[in-house]
>>> print(open('coords34.pdb').read())   # PDB, C-alpha atoms
ATOM      1  CA  MET M  70     144.792 -55.948 -22.149
ATOM      2  CA  ALA M  71     147.551 -53.730 -23.452
ATOM      3  CA  THR M  72     149.815 -56.801 -23.756
ATOM      4  CA  GLN M  73     147.186 -58.671 -25.754
ATOM      5  CA  THR M  74     146.713 -55.790 -28.146
ATOM      6  CA  GLN M  75     150.442 -55.503 -28.572
ATOM      7  CA  SER M  76     150.912 -59.263 -29.229
ATOM      8  CA  SER M  77     148.065 -59.440 -31.759
ATOM      9  CA  ALA M  78     149.323 -56.311 -33.452
ATOM     10  CA  SER M  79     152.755 -57.947 -33.839
ATOM     11  CA  LEU M  80     151.302 -60.965 -35.713
ATOM     12  CA  PRO M  81     151.375 -60.774 -39.512
ATOM     13  CA  TRP M  82     147.948 -60.457 -41.227
ATOM     14  CA  TRP M  83     148.053 -63.967 -42.754
ATOM     15  CA  CYS M  84     148.702 -65.437 -39.314
ATOM     16  CA  ILE M  85     145.657 -63.598 -37.927
ATOM     17  CA  VAL M  86     143.561 -64.908 -40.849
ATOM     18  CA  LEU M  87     144.748 -68.489 -40.273
ATOM     19  CA  ILE M  88     144.846 -68.829 -36.506
ATOM     20  CA  GLY M  89     143.129 -65.693 -35.195
ATOM     21  CA  ARG M  90     144.313 -63.046 -32.791
ATOM     22  CA  ARG M  91     144.576 -65.561 -29.927
ATOM     23  CA  PRO M  92     146.433 -68.655 -31.183
ATOM     24  CA  LYS M  93     146.064 -70.532 -27.868
ATOM     25  CA  ARG M  94     142.305 -70.160 -27.893
ATOM     26  CA  THR M  95     142.215 -71.223 -31.563
ATOM     27  CA  LEU M  96     144.232 -74.338 -30.731
ATOM     28  CA  VAL M  97     141.829 -75.257 -27.914
ATOM     29  CA  ARG M  98     138.872 -74.747 -30.275
ATOM     30  CA  ILE M  99     140.495 -76.969 -32.910
ATOM     31  CA  ALA M 100     141.243 -79.682 -30.322
ATOM     32  CA  VAL M 101     137.641 -79.619 -29.037
ATOM     33  CA  LEU M 102     136.231 -79.696 -32.577
ATOM     34  CA  VAL M 103     138.445 -82.642 -33.594
ATOM     35  CA  SER M 104     137.584 -84.568 -30.391
ATOM     36  CA  VAL M 105     133.834 -83.967 -30.731
ATOM     37  CA  THR M 106     133.895 -84.946 -34.420
ATOM     38  CA  PHE M 107     135.873 -88.115 -33.646
ATOM     39  CA  VAL M 108     133.541 -89.212 -30.845
ATOM     40  CA  LEU M 109     130.438 -88.307 -32.883
ATOM     41  CA  PHE M 110     131.441 -90.255 -35.986
ATOM     42  CA  ARG M 111     133.066 -93.143 -34.120
ATOM     43  CA  PHE M 112     130.357 -93.875 -31.553
ATOM     44  CA  VAL M 113     127.156 -92.014 -32.486
ATOM     45  CA  LEU M 114     126.757 -91.411 -36.212
ATOM     46  CA  ALA M 115     127.693 -93.401 -39.303
ATOM     47  CA  PRO M 116     127.576 -91.719 -42.717
ATOM     48  CA  ILE M 117     126.388 -93.926 -45.569
ATOM     49  CA  ARG M 118     125.991 -93.574 -49.333
ATOM     50  CA  VAL M 119     123.017 -95.304 -50.967
ATOM     51  CA  LEU M 120     123.825 -97.802 -53.722
ATOM     52  CA  GLY M 121     121.233 -99.739 -55.666
ATOM     53  CA  PRO M 122     117.546 -99.187 -56.347
ATOM     54  CA  SER M 123     115.921-101.197 -53.536
ATOM     55  CA  MET M 124     114.834 -98.164 -51.450
ATOM     56  CA  LEU M 125     113.488 -96.099 -54.356
ATOM     57  CA  PRO M 126     111.729 -93.689 -54.458
ATOM     58  CA  THR M 127     112.301 -92.794 -50.780
ATOM     59  CA  TYR M 128     116.104 -92.952 -50.951
ATOM     60  CA  ARG M 129     117.837 -92.485 -54.259
ATOM     61  CA  MET M 130     121.147 -93.874 -55.448
ATOM     62  CA  GLY M 131     124.149 -91.745 -54.605
ATOM     63  CA  GLN M 132     122.439 -89.873 -51.744
ATOM     64  CA  VAL M 133     124.413 -89.531 -48.526
ATOM     65  CA  HIS M 134     122.614 -90.162 -45.222
ATOM     66  CA  VAL M 135     123.497 -90.573 -41.576
ATOM     67  CA  ILE M 136     122.755 -93.550 -39.321
ATOM     68  CA  ASN M 137     122.179 -93.056 -35.604
ATOM     69  CA  ARG M 138     123.978 -95.894 -33.823
ATOM     70  CA  LEU M 139     122.376 -95.075 -30.479
ATOM     71  CA  ALA M 140     118.789 -95.173 -31.759
ATOM     72  CA  TYR M 141     118.070 -98.543 -30.198
ATOM     73  CA  CYS M 142     119.920 -98.120 -26.931
ATOM     74  CA  PHE M 143     116.739 -97.222 -25.077
ATOM     75  CA  HIS M 144     113.998 -98.856 -27.132
ATOM     76  CA  GLU M 145     113.590-101.714 -29.570
ATOM     77  CA  PRO M 146     113.261-101.221 -33.346
ATOM     78  CA  ARG M 147     109.797-100.105 -34.464
ATOM     79  CA  ARG M 148     107.753-100.844 -37.545
ATOM     80  CA  GLY M 149     108.495 -98.360 -40.338
ATOM     81  CA  ASP M 150     112.021 -97.535 -39.152
ATOM     82  CA  VAL M 151     114.636 -97.456 -41.899
ATOM     83  CA  VAL M 152     117.717 -99.242 -40.610
ATOM     84  CA  ALA M 153     121.242-100.166 -41.694
ATOM     85  CA  ILE M 154     121.913-103.904 -41.517
ATOM     86  CA  LYS M 155     125.489-105.117 -41.309
ATOM     87  CA  TYR M 156     127.051-107.965 -43.237
ATOM     88  CA  THR M 157     130.369-108.620 -41.447
ATOM     89  CA  GLY M 158     131.199-105.022 -40.661
ATOM     90  CA  GLU M 159     130.329-101.441 -41.423
ATOM     91  CA  HIS M 160     131.959-100.905 -44.805
ATOM     92  CA  VAL M 161     129.055-102.395 -46.762
ATOM     93  CA  MET M 162     125.529-102.558 -45.317
ATOM     94  CA  ARG M 163     121.922-102.987 -46.374
ATOM     95  CA  LEU M 164     119.434-100.127 -46.031
ATOM     96  CA  LYS M 165     115.937-101.537 -45.401
ATOM     97  CA  ARG M 166     112.629-100.712 -43.749
ATOM     98  CA  ILE M 167     111.374-102.753 -40.794
ATOM     99  CA  LEU M 168     107.943-104.241 -41.484
ATOM    100  CA  GLY M 169     107.708-107.212 -39.164
ATOM    101  CA  LEU M 170     108.527-107.266 -35.461
ATOM    102  CA  PRO M 171     109.613-110.243 -33.317
ATOM    103  CA  GLY M 172     106.875-112.850 -32.909
ATOM    104  CA  GLU M 173     104.764-111.600 -35.840
ATOM    105  CA  THR M 174     104.039-113.348 -39.116
ATOM    106  CA  VAL M 175     104.685-111.486 -42.360
ATOM    107  CA  ALA M 176     103.204-112.333 -45.745
ATOM    108  CA  PHE M 177     102.540-110.731 -49.117
ATOM    109  CA  GLU M 178      99.269-111.363 -50.930
ATOM    110  CA  GLY M 179      98.645-109.742 -54.279
ATOM    111  CA  GLY M 180     101.322-107.186 -53.474
ATOM    112  CA  CYS M 181      99.733-106.240 -50.129
ATOM    113  CA  LEU M 182     101.592-106.606 -46.857
ATOM    114  CA  LEU M 183      99.906-108.809 -44.255
ATOM    115  CA  ILE M 184     101.047-108.708 -40.640
ATOM    116  CA  ASN M 185      99.560-111.519 -38.552
ATOM    117  CA  GLY M 186      97.054-112.021 -41.379
ATOM    118  CA  ARG M 187      95.866-108.389 -41.358
ATOM    119  CA  ARG M 188      96.488-106.008 -44.213
ATOM    120  CA  LEU M 189      98.768-103.070 -43.416
ATOM    121  CA  GLU M 190      98.877 -99.827 -45.396
ATOM    122  CA  GLU M 191     102.316 -98.717 -46.550
ATOM    123  CA  PRO M 192     102.273 -94.987 -47.406
ATOM    124  CA  TYR M 193     105.959 -95.000 -48.419
ATOM    125  CA  VAL M 194     105.364 -97.500 -51.250
ATOM    126  CA  ARG M 195     104.631 -95.674 -54.504
ATOM    127  CA  ASN M 196     104.761 -98.528 -56.996
ATOM    128  CA  SER M 197     102.182-101.281 -56.810
ATOM    129  CA  CYS M 198     103.390-104.858 -57.119
ATOM    130  CA  ASP M 199     102.094-108.396 -57.314
ATOM    131  CA  TRP M 200     104.375-109.971 -54.724
ATOM    132  CA  GLU M 201     103.219-113.248 -53.260
ATOM    133  CA  LYS M 202     104.881-114.750 -50.207
ATOM    134  CA  PRO M 203     103.541-117.313 -47.761
ATOM    135  CA  PRO M 204     103.513-116.316 -44.055
ATOM    136  CA  VAL M 205     106.937-116.216 -42.411
ATOM    137  CA  GLU M 206     107.270-116.202 -38.644
ATOM    138  CA  VAL M 207     109.715-113.655 -37.300
ATOM    139  CA  HIS M 208     111.833-115.111 -34.489
ATOM    140  CA  LEU M 209     112.241-113.260 -31.202
ATOM    141  CA  ASP M 210     115.769-112.100 -32.080
ATOM    142  CA  GLU M 211     114.826-110.934 -35.571
ATOM    143  CA  VAL M 212     112.967-108.257 -37.495
ATOM    144  CA  TYR M 213     111.494-108.535 -40.983
ATOM    145  CA  VAL M 214     112.936-106.025 -43.439
ATOM    146  CA  VAL M 215     112.016-105.020 -46.985
ATOM    147  CA  GLY M 216     113.010-102.209 -49.346
ATOM    148  CA  ASP M 217     110.511 -99.573 -50.487
ATOM    149  CA  ASN M 218     110.926-100.309 -54.199
ATOM    150  CA  ARG M 219     108.203-102.844 -54.979
ATOM    151  CA  SER M 220     108.431-102.365 -58.730
ATOM    152  CA  MET M 221     111.296-104.872 -58.700
ATOM    153  CA  PRO M 222     110.475-108.590 -58.900
ATOM    154  CA  ARG M 223     110.701-110.120 -55.414
ATOM    155  CA  GLU M 224     113.378-112.575 -56.580
ATOM    156  CA  PHE M 225     115.763-109.674 -57.255
ATOM    157  CA  HIS M 226     114.968-107.940 -54.002
ATOM    158  CA  ASP M 227     116.804-108.760 -50.767
ATOM    159  CA  GLU M 228     114.136-109.066 -48.106
ATOM    160  CA  GLY M 229     113.515-111.314 -45.135
ATOM    161  CA  CYS M 230     114.265-111.803 -41.471
ATOM    162  CA  ALA M 231     117.391-110.058 -40.215
ATOM    163  CA  GLN M 232     118.958-110.770 -36.856
ATOM    164  CA  ARG M 233     118.508-107.923 -34.381
ATOM    165  CA  ALA M 234     122.259-107.999 -33.657
ATOM    166  CA  ARG M 235     122.988-107.090 -37.268
ATOM    167  CA  ILE M 236     121.155-103.747 -37.042
ATOM    168  CA  LEU M 237     123.704-100.939 -36.762
ATOM    169  CA  GLY M 238     121.176 -98.181 -36.218
ATOM    170  CA  LYS M 239     118.323 -96.122 -37.562
ATOM    171  CA  LEU M 240     118.482 -93.704 -40.468
ATOM    172  CA  LEU M 241     118.564 -90.214 -38.982
ATOM    173  CA  LEU M 242     118.918 -87.819 -41.930
TER     174      LEU M 242
ATOM    175  CA  MET Z 158     179.439 -88.475 -23.777
ATOM    176  CA  ARG Z 159     178.402 -87.413 -27.250
ATOM    177  CA  ASN Z 160     179.822 -90.603 -28.793
ATOM    178  CA  ARG Z 161     177.965 -92.732 -26.264
ATOM    179  CA  LEU Z 162     174.696 -90.973 -27.092
ATOM    180  CA  LEU Z 163     175.321 -91.471 -30.798
ATOM    181  CA  SER Z 164     176.027 -95.178 -30.222
ATOM    182  CA  LEU Z 165     172.802 -95.515 -28.286
ATOM    183  CA  VAL Z 166     170.830 -93.843 -31.087
ATOM    184  CA  VAL Z 167     172.458 -96.094 -33.714
ATOM    185  CA  LEU Z 168     171.758 -99.189 -31.589
ATOM    186  CA  GLY Z 169     168.141 -98.117 -31.127
ATOM    187  CA  LEU Z 170     167.749 -97.570 -34.867
ATOM    188  CA  LEU Z 171     169.302-100.961 -35.630
ATOM    189  CA  ALA Z 172     166.990-102.677 -33.145
ATOM    190  CA  ALA Z 173     163.929-100.920 -34.620
ATOM    191  CA  GLY Z 174     165.069-101.846 -38.139
ATOM    192  CA  GLY Z 175     165.620-105.467 -37.093
ATOM    193  CA  LEU Z 176     162.197-105.641 -35.468
ATOM    194  CA  TRP Z 177     160.563-104.133 -38.545
ATOM    195  CA  GLY Z 178     162.426-106.592 -40.821
ATOM    196  CA  TRP Z 179     161.450-109.530 -38.621
ATOM    197  CA  ARG Z 180     157.794-108.453 -38.632
ATOM    198  CA  VAL Z 181     157.816-108.054 -42.423
ATOM    199  CA  ARG Z 182     159.485-111.436 -42.978
ATOM    200  CA  SER Z 183     157.335-113.348 -40.504
ATOM    201  CA  PRO Z 184     153.948-111.650 -40.210
ATOM    202  CA  SER Z 185     151.323-112.857 -37.745
ATOM    203  CA  PRO Z 186     148.920-115.531 -39.092
ATOM    204  CA  GLU Z 187     146.068-112.994 -39.126
ATOM    205  CA  LYS Z 188     148.113-110.576 -41.205
ATOM    206  CA  ALA Z 189     149.262-113.344 -43.577
ATOM    207  CA  ILE Z 190     145.640-114.514 -44.073
ATOM    208  CA  ARG Z 191     144.431-110.958 -44.647
ATOM    209  CA  GLN Z 192     147.152-110.401 -47.265
ATOM    210  CA  ARG Z 193     146.386-113.762 -48.880
ATOM    211  CA  LEU Z 194     142.701-112.861 -49.293
ATOM    212  CA  VAL Z 195     143.523-109.383 -50.594
ATOM    213  CA  ASP Z 196     145.749-111.099 -53.191
ATOM    214  CA  LEU Z 197     142.892-113.480 -54.033
ATOM    215  CA  ALA Z 198     140.513-110.555 -54.676
ATOM    216  CA  ARG Z 199     143.156-108.857 -56.807
ATOM    217  CA  THR Z 200     143.741-112.033 -58.842
ATOM    218  CA  ALA Z 201     140.002-112.634 -59.282
ATOM    219  CA  SER Z 202     139.600-109.116 -60.706
ATOM    220  CA  TYR Z 203     140.444-108.375 -64.305
ATOM    221  CA  GLY Z 204     140.113-105.562 -66.786
ATOM    222  CA  PRO Z 205     138.697-105.405 -70.317
ATOM    223  CA  LYS Z 206     142.169-105.231 -71.877
ATOM    224  CA  GLU Z 207     143.414-108.545 -70.496
ATOM    225  CA  GLY Z 208     144.747-110.778 -73.274
ATOM    226  CA  GLY Z 209     144.058-114.494 -73.786
ATOM    227  CA  LEU Z 210     147.372-115.663 -72.327
ATOM    228  CA  ALA Z 211     147.064-113.342 -69.329
ATOM    229  CA  ARG Z 212     143.549-114.687 -68.717
ATOM    230  CA  MET Z 213     144.807-118.253 -68.685
ATOM    231  CA  LEU Z 214     147.709-117.419 -66.388
ATOM    232  CA  ASP Z 215     145.433-115.489 -64.022
ATOM    233  CA  ALA Z 216     142.934-118.362 -63.929
ATOM    234  CA  ASP Z 217     145.804-120.736 -63.053
ATOM    235  CA  LYS Z 218     147.033-118.338 -60.388
ATOM    236  CA  LEU Z 219     143.521-118.063 -58.964
ATOM    237  CA  ALA Z 220     143.180-121.845 -58.736
ATOM    238  CA  GLY Z 221     146.533-121.887 -56.929
ATOM    239  CA  PHE Z 222     144.942-120.192 -53.932
ATOM    240  CA  PHE Z 223     142.825-123.308 -53.280
ATOM    241  CA  THR Z 224     143.620-126.800 -52.056
ATOM    242  CA  GLY Z 225     143.202-129.697 -54.498
ATOM    243  CA  ASP Z 226     139.958-130.790 -52.813
ATOM    244  CA  ALA Z 227     138.556-127.277 -52.306
ATOM    245  CA  GLU Z 228     134.797-126.744 -52.279
ATOM    246  CA  VAL Z 229     133.047-123.524 -53.265
ATOM    247  CA  LYS Z 230     129.319-123.070 -52.639
ATOM    248  CA  VAL Z 231     128.335-119.487 -53.339
ATOM    249  CA  GLU Z 232     125.080-117.762 -54.196
ATOM    250  CA  VAL Z 233     125.402-115.383 -57.141
ATOM    251  CA  SER Z 234     122.315-113.515 -58.390
ATOM    252  CA  ASN Z 235     119.936-115.882 -56.562
ATOM    253  CA  ALA Z 236     121.583-118.978 -58.063
ATOM    254  CA  PHE Z 237     123.875-121.347 -56.181
ATOM    255  CA  GLU Z 238     127.217-122.248 -57.750
ATOM    256  CA  ASN Z 239     128.782-125.492 -56.541
ATOM    257  CA  LEU Z 240     132.365-126.092 -57.524
ATOM    258  CA  SER Z 241     134.813-128.625 -56.220
ATOM    259  CA  GLY Z 242     138.440-129.246 -57.047
ATOM    260  CA  ARG Z 243     141.095-126.938 -58.368
ATOM    261  CA  GLU Z 244     140.477-127.837 -62.027
ATOM    262  CA  ASN Z 245     136.768-126.920 -61.811
ATOM    263  CA  LEU Z 246     137.692-123.626 -60.204
ATOM    264  CA  ARG Z 247     140.178-122.881 -62.967
ATOM    265  CA  GLU Z 248     137.525-123.606 -65.600
ATOM    266  CA  ALA Z 249     134.991-121.418 -63.788
ATOM    267  CA  ALA Z 250     137.507-118.573 -63.697
ATOM    268  CA  MET Z 251     138.093-118.966 -67.439
ATOM    269  CA  SER Z 252     134.312-119.045 -68.107
ATOM    270  CA  ALA Z 253     133.813-115.862 -66.069
ATOM    271  CA  ARG Z 254     136.552-114.164 -68.057
ATOM    272  CA  ALA Z 255     134.842-115.198 -71.284
ATOM    273  CA  ALA Z 256     131.385-114.086 -70.107
ATOM    274  CA  PHE Z 257     132.209-110.637 -68.693
ATOM    275  CA  ALA Z 258     134.566-108.045 -70.111
ATOM    276  CA  SER Z 259     135.729-106.976 -66.667
ATOM    277  CA  LEU Z 260     135.248-107.889 -63.042
ATOM    278  CA  SER Z 261     136.227-105.996 -59.913
ATOM    279  CA  VAL Z 262     136.274-107.968 -56.658
ATOM    280  CA  HIS Z 263     136.794-106.476 -53.212
ATOM    281  CA  PHE Z 264     136.746-107.992 -49.726
ATOM    282  CA  TYR Z 265     135.740-105.894 -46.724
ATOM    283  CA  ASP Z 266     135.472-106.355 -42.962
ATOM    284  CA  MET Z 267     137.412-109.606 -42.555
ATOM    285  CA  ASN Z 268     136.788-111.305 -39.211
ATOM    286  CA  ILE Z 269     139.518-113.898 -38.734
ATOM    287  CA  ALA Z 270     139.250-116.731 -36.198
ATOM    288  CA  LEU Z 271     142.372-118.867 -35.907
ATOM    289  CA  GLY Z 272     141.974-122.533 -34.975
ATOM    290  CA  ALA Z 273     143.385-123.809 -31.699
ATOM    291  CA  ASP Z 274     146.172-125.561 -33.623
ATOM    292  CA  ARG Z 275     146.967-122.315 -35.508
ATOM    293  CA  GLN Z 276     147.049-124.432 -38.677
ATOM    294  CA  SER Z 277     143.519-123.612 -39.766
ATOM    295  CA  ALA Z 278     141.377-120.498 -39.780
ATOM    296  CA  GLU Z 279     137.833-119.378 -40.457
ATOM    297  CA  VAL Z 280     137.257-115.997 -42.058
ATOM    298  CA  ASP Z 281     133.961-114.128 -42.436
ATOM    299  CA  LEU Z 282     133.996-111.263 -44.890
ATOM    300  CA  THR Z 283     131.815-109.122 -47.111
ATOM    301  CA  ALA Z 284     132.559-109.549 -50.797
ATOM    302  CA  THR Z 285     131.555-107.186 -53.578
ATOM    303  CA  GLY Z 286     131.839-108.011 -57.240
ATOM    304  CA  LYS Z 287     131.089-105.621 -60.057
ATOM    305  CA  VAL Z 288     130.985-106.766 -63.672
ATOM    306  CA  SER Z 289     131.179-104.502 -66.695
ATOM    307  CA  GLY Z 290     127.830-103.045 -67.712
ATOM    308  CA  GLU Z 291     126.263-103.368 -64.269
ATOM    309  CA  GLN Z 292     125.603-100.209 -62.304
ATOM    310  CA  ASP Z 293     125.681-101.747 -58.832
ATOM    311  CA  PRO Z 294     127.984-104.370 -57.372
ATOM    312  CA  GLU Z 295     126.776-107.780 -56.225
ATOM    313  CA  VAL Z 296     127.253-108.053 -52.461
ATOM    314  CA  CYS Z 297     127.417-111.209 -50.369
ATOM    315  CA  GLU Z 298     128.769-112.474 -47.085
ATOM    316  CA  LEU Z 299     131.253-115.320 -47.419
ATOM    317  CA  LYS Z 300     132.791-117.767 -44.995
ATOM    318  CA  PHE Z 301     136.267-119.047 -45.866
ATOM    319  CA  LEU Z 302     137.971-122.056 -44.325
ATOM    320  CA  LEU Z 303     141.733-121.938 -44.731
ATOM    321  CA  LYS Z 304     144.483-124.397 -43.911
ATOM    322  CA  LEU Z 305     148.206-123.798 -43.524
ATOM    323  CA  ILE Z 306     149.958-126.079 -45.995
ATOM    324  CA  GLY Z 307     153.680-125.772 -46.671
ATOM    325  CA  GLY Z 308     153.796-122.322 -45.085
ATOM    326  CA  GLU Z 309     150.983-120.987 -47.316
ATOM    327  CA  TRP Z 310     147.382-120.380 -46.270
ATOM    328  CA  MET Z 311     145.315-122.401 -48.755
ATOM    329  CA  ILE Z 312     141.557-122.056 -49.159
ATOM    330  CA  ARG Z 313     139.742-125.290 -48.451
ATOM    331  CA  ARG Z 314     136.122-124.154 -48.486
ATOM    332  CA  VAL Z 315     134.118-121.073 -49.419
ATOM    333  CA  GLU Z 316     130.413-120.756 -48.744
ATOM    334  CA  SER Z 317     127.779-118.014 -48.824
ATOM    335  CA  VAL Z 318     126.213-116.916 -45.575
ATOM    336  CA  THR Z 319     122.510-116.117 -45.615
ATOM    337  CA  THR Z 320     122.102-112.738 -43.962
ATOM    338  CA  LEU Z 321     118.347-112.427 -44.551
ATOM    339  CA  ARG Z 322     116.364-115.556 -43.844
TER     340      ARG Z 322
END
>>> encode(input="coords34.pdb", output="structure tokens")
Amino acid sequence: MATQTQSSASLPWWCIVLIGRRPKRTLVRIAVLVSVTFVLFRFVLAPIRVLGPSMLPTYRMGQVHVINRLAYCFHEPRRGDVVAIKYTGEHVMRLKRILGLPGETVAFEGGCLLINGRRLEEPYVRNSCDWEKPPVEVHLDEVYVVGDNRSMPREFHDEGCAQRARILGKLLL
Amino acid sequence: MRNRLLSLVVLGLLAAGGLWGWRVRSPSPEKAIRQRLVDLARTASYGPKEGGLARMLDADKLAGFFTGDAEVKVEVSNAFENLSGRENLREAAMSARAAFASLSVHFYDMNIALGADRQSAEVDLTATGKVSGEQDPEVCELKFLLKLIGGEWMIRRVESVTTLR
């Protein structure tokens, strides 16, 4: 104990501010923090920045969110989940909400969502629309995704069946 | 002893330098393709201050990335563009430069699959293009088919990939 006090007392004040009274312990803490951060952001979480108006008003342009890559390790995607869909990698992705599940048919009639011919309420949609779309059958390896912003004409909105393999994960925060 | 150690260090440095030089001069096909497509994106992009002559030269340079019988079938803003032949591509590049003050093209996440003969390759990538006045970039997935001709990777076909059916 006396040795420790002596060694910390011999360190200059700026050194104590930067690396603490016990440099070895500080180094271990830094190593653990770097390792945990690396593993977390490489294998578990993916930060994303929202571009474009397709998820308005739920997610606004410029907002930063986090995707959980492990969300679908133990269960399949569920209706209402907001997911990131890959193009050819993870640098640019689509952010969409899952509306149709494998095996279902999805249609829009007078702006209302119909799943298997039955109308489904969408509490996250704030703007009414007049979208019309004939029934589309979702294949077993697909989900049907749409953005929350229905004030846009459907022609300018990317929506449709996305392959399950393209889903990176579920929006966490 | 000291001289021998110094010789070993110098030899090691020379070998490392030689290896680096060899790798720079003869990159792997994947690296050459990646660089070729990065150059394509750079050539396709232009700023608002580009002059008439520079536009023409850039359009020529852009067409030079493609084979004479190249085919381009891409979906831009829900409309399909079909172009074939180097001359058509050059004209399209000139038209784009006349229509938009500036264009910024970037390619991300290139997945390169070399053919068995190593003379052809298929590349999937995500392309973004942002024109002046637009807030958000246009994003699409593209599939490129390239062929090695005269030591250069030339683009033979480009087509859009539908990611949402």
>>> residues_near_point(input="coords34.pdb", point="(107.7, -97.0, -46.2)", cutoff="12 Å", atoms="all atoms listed in the file", output="number ranges by chain")
M: 123-128, 148-152, 165-168, 182, 189-196, 214-219
>>> interface_residues(input="coords34.pdb", of="chain Z", to="chain M", cutoff="12 Å", atoms="all atoms listed in the file", output="number ranges by chain")
Z: 233-236, 263-269, 280-285, 291-300, 317-322
>>> atom_distance(input="coords34.pdb", atom1="CA of Lys239 (chain M)", atom2="CA of Ala153 (chain M)")
6.5 Å
>>> atom_distance(input="coords34.pdb", atom1="CA of Ala220 (chain Z)", atom2="CA of Ala198 (chain Z)")
12.3 Å
>>> axis_aligned_box(input="coords34.pdb", around="region 175-182 of chain Z", padding_each_side="6 Å", output="JSON")
{"center_x": 161.7, "center_y": -107.8, "center_z": -39.2, "size_x": 19.8, "size_y": 19.3, "size_z": 19.5}
>>> residues_around(input="coords34.pdb", residues="Thr174 (chain M)", least_positions_apart="2", cutoff="10 Å", atoms="all atoms listed in the file", output="ChimeraX atom specification")
/M:169-172,176,183-187,203-208,213
>>> closest_residue(input="coords34.pdb", among="M:Arg90, M:Arg98, M:Arg147, M:Arg111", to="Arg233 (chain M)", atoms="only C-alpha atoms")
M:Arg147
>>> residues_around(input="coords34.pdb", residues="Ala278 (chain Z)", least_positions_apart="6", cutoff="9 Å", atoms="all atoms listed in the file", output="list in words")
Glu187, Ile190, Ile269, Ala270, Leu271, Gly272, Phe301, Leu302, Leu303, Lys304, Leu305 and Trp310 of chain Z
>>> resolve_selection(input="coords34.pdb", expression="the PyMOL selection byres ((chain M and resi 242) around 10)", output="short mmCIF file (atom, residue, chain, number, x, y, z; two decimals) with C-alpha atoms, in the coordinates of the input")
data_model
loop_
_atom_site.label_atom_id
_atom_site.label_comp_id
_atom_site.auth_asym_id
_atom_site.auth_seq_id
_atom_site.Cartn_x
_atom_site.Cartn_y
_atom_site.Cartn_z
CA PRO M 116 127.58 -91.72 -42.72
CA VAL M 133 124.41 -89.53 -48.53
CA HIS M 134 122.61 -90.16 -45.22
CA VAL M 135 123.50 -90.57 -41.58
CA ILE M 136 122.76 -93.55 -39.32
CA ASN M 137 122.18 -93.06 -35.60
CA LYS M 239 118.32 -96.12 -37.56
CA LEU M 240 118.48 -93.70 -40.47
CA LEU M 241 118.56 -90.21 -38.98
#
>>> resolve_selection(input="coords34.pdb", expression="the PyMOL selection byres ((chain Z and resi 217) around 12)", output="PyMOL selection string")
chain Z and resi 197+200-201+210-216+218-223+243-251
>>> residues_around(input="coords34.pdb", residues="Ser289 (chain Z)", least_positions_apart="3", cutoff="12 Å", atoms="all atoms listed in the file", output="VMD selection string")
chain Z and resid 202 to 205 253 to 254 256 to 262 286 292 to 295
>>> write_last_selection(input="coords34.pdb", atoms="C-alpha atoms", output="CSV table (one decimal), in the frame of the given file")
chain,number,residue,atom,x,y,z
Z,202,SER,CA,139.6,-109.1,-60.7
Z,203,TYR,CA,140.4,-108.4,-64.3
Z,204,GLY,CA,140.1,-105.6,-66.8
Z,205,PRO,CA,138.7,-105.4,-70.3
Z,253,ALA,CA,133.8,-115.9,-66.1
Z,254,ARG,CA,136.6,-114.2,-68.1
Z,256,ALA,CA,131.4,-114.1,-70.1
Z,257,PHE,CA,132.2,-110.6,-68.7
Z,258,ALA,CA,134.6,-108.0,-70.1
Z,259,SER,CA,135.7,-107.0,-66.7
Z,260,LEU,CA,135.2,-107.9,-63.0
Z,261,SER,CA,136.2,-106.0,-59.9
Z,262,VAL,CA,136.3,-108.0,-56.7
Z,286,GLY,CA,131.8,-108.0,-57.2
Z,292,GLN,CA,125.6,-100.2,-62.3
Z,293,ASP,CA,125.7,-101.7,-58.8
Z,294,PRO,CA,128.0,-104.4,-57.4
Z,295,GLU,CA,126.8,-107.8,-56.2
>>> atom_distance(input="coords34.pdb", atom1="CA of Gly225 (chain Z)", atom2="CA of Gln192 (chain Z)")
21.0 Å
>>> residues_around(input="coords34.pdb", residues="Glu228 (chain Z)", least_positions_apart="6", cutoff="8 Å", atoms="all atoms listed in the file", output="PyMOL selection string")
chain Z and resi 239-242+313-315
>>> residues_near_point(input="coords34.pdb", point="(98.2, -111.1, -51.6)", cutoff="8 Å", atoms="all atoms listed in the file", output="list in words")
Ala176, Phe177, Glu178, Gly179, Gly180, Cys181, Leu182, Leu183, Asp199, Trp200, Glu201 and Lys202 of chain M
>>> write_last_selection(input="coords34.pdb", atoms="C-alpha atoms", output="JSON list (two decimals), in the frame of the given file")
[["chain", "number", "residue", "atom", "x", "y", "z"],
["M", 176, "ALA", "CA", 103.20, -112.33, -45.74],
["M", 177, "PHE", "CA", 102.54, -110.73, -49.12],
["M", 178, "GLU", "CA", 99.27, -111.36, -50.93],
["M", 179, "GLY", "CA", 98.64, -109.74, -54.28],
["M", 180, "GLY", "CA", 101.32, -107.19, -53.47],
["M", 181, "CYS", "CA", 99.73, -106.24, -50.13],
["M", 182, "LEU", "CA", 101.59, -106.61, -46.86],
["M", 183, "LEU", "CA", 99.91, -108.81, -44.26],
["M", 199, "ASP", "CA", 102.09, -108.40, -57.31],
["M", 200, "TRP", "CA", 104.38, -109.97, -54.72],
["M", 201, "GLU", "CA", 103.22, -113.25, -53.26],
["M", 202, "LYS", "CA", 104.88, -114.75, -50.21]]
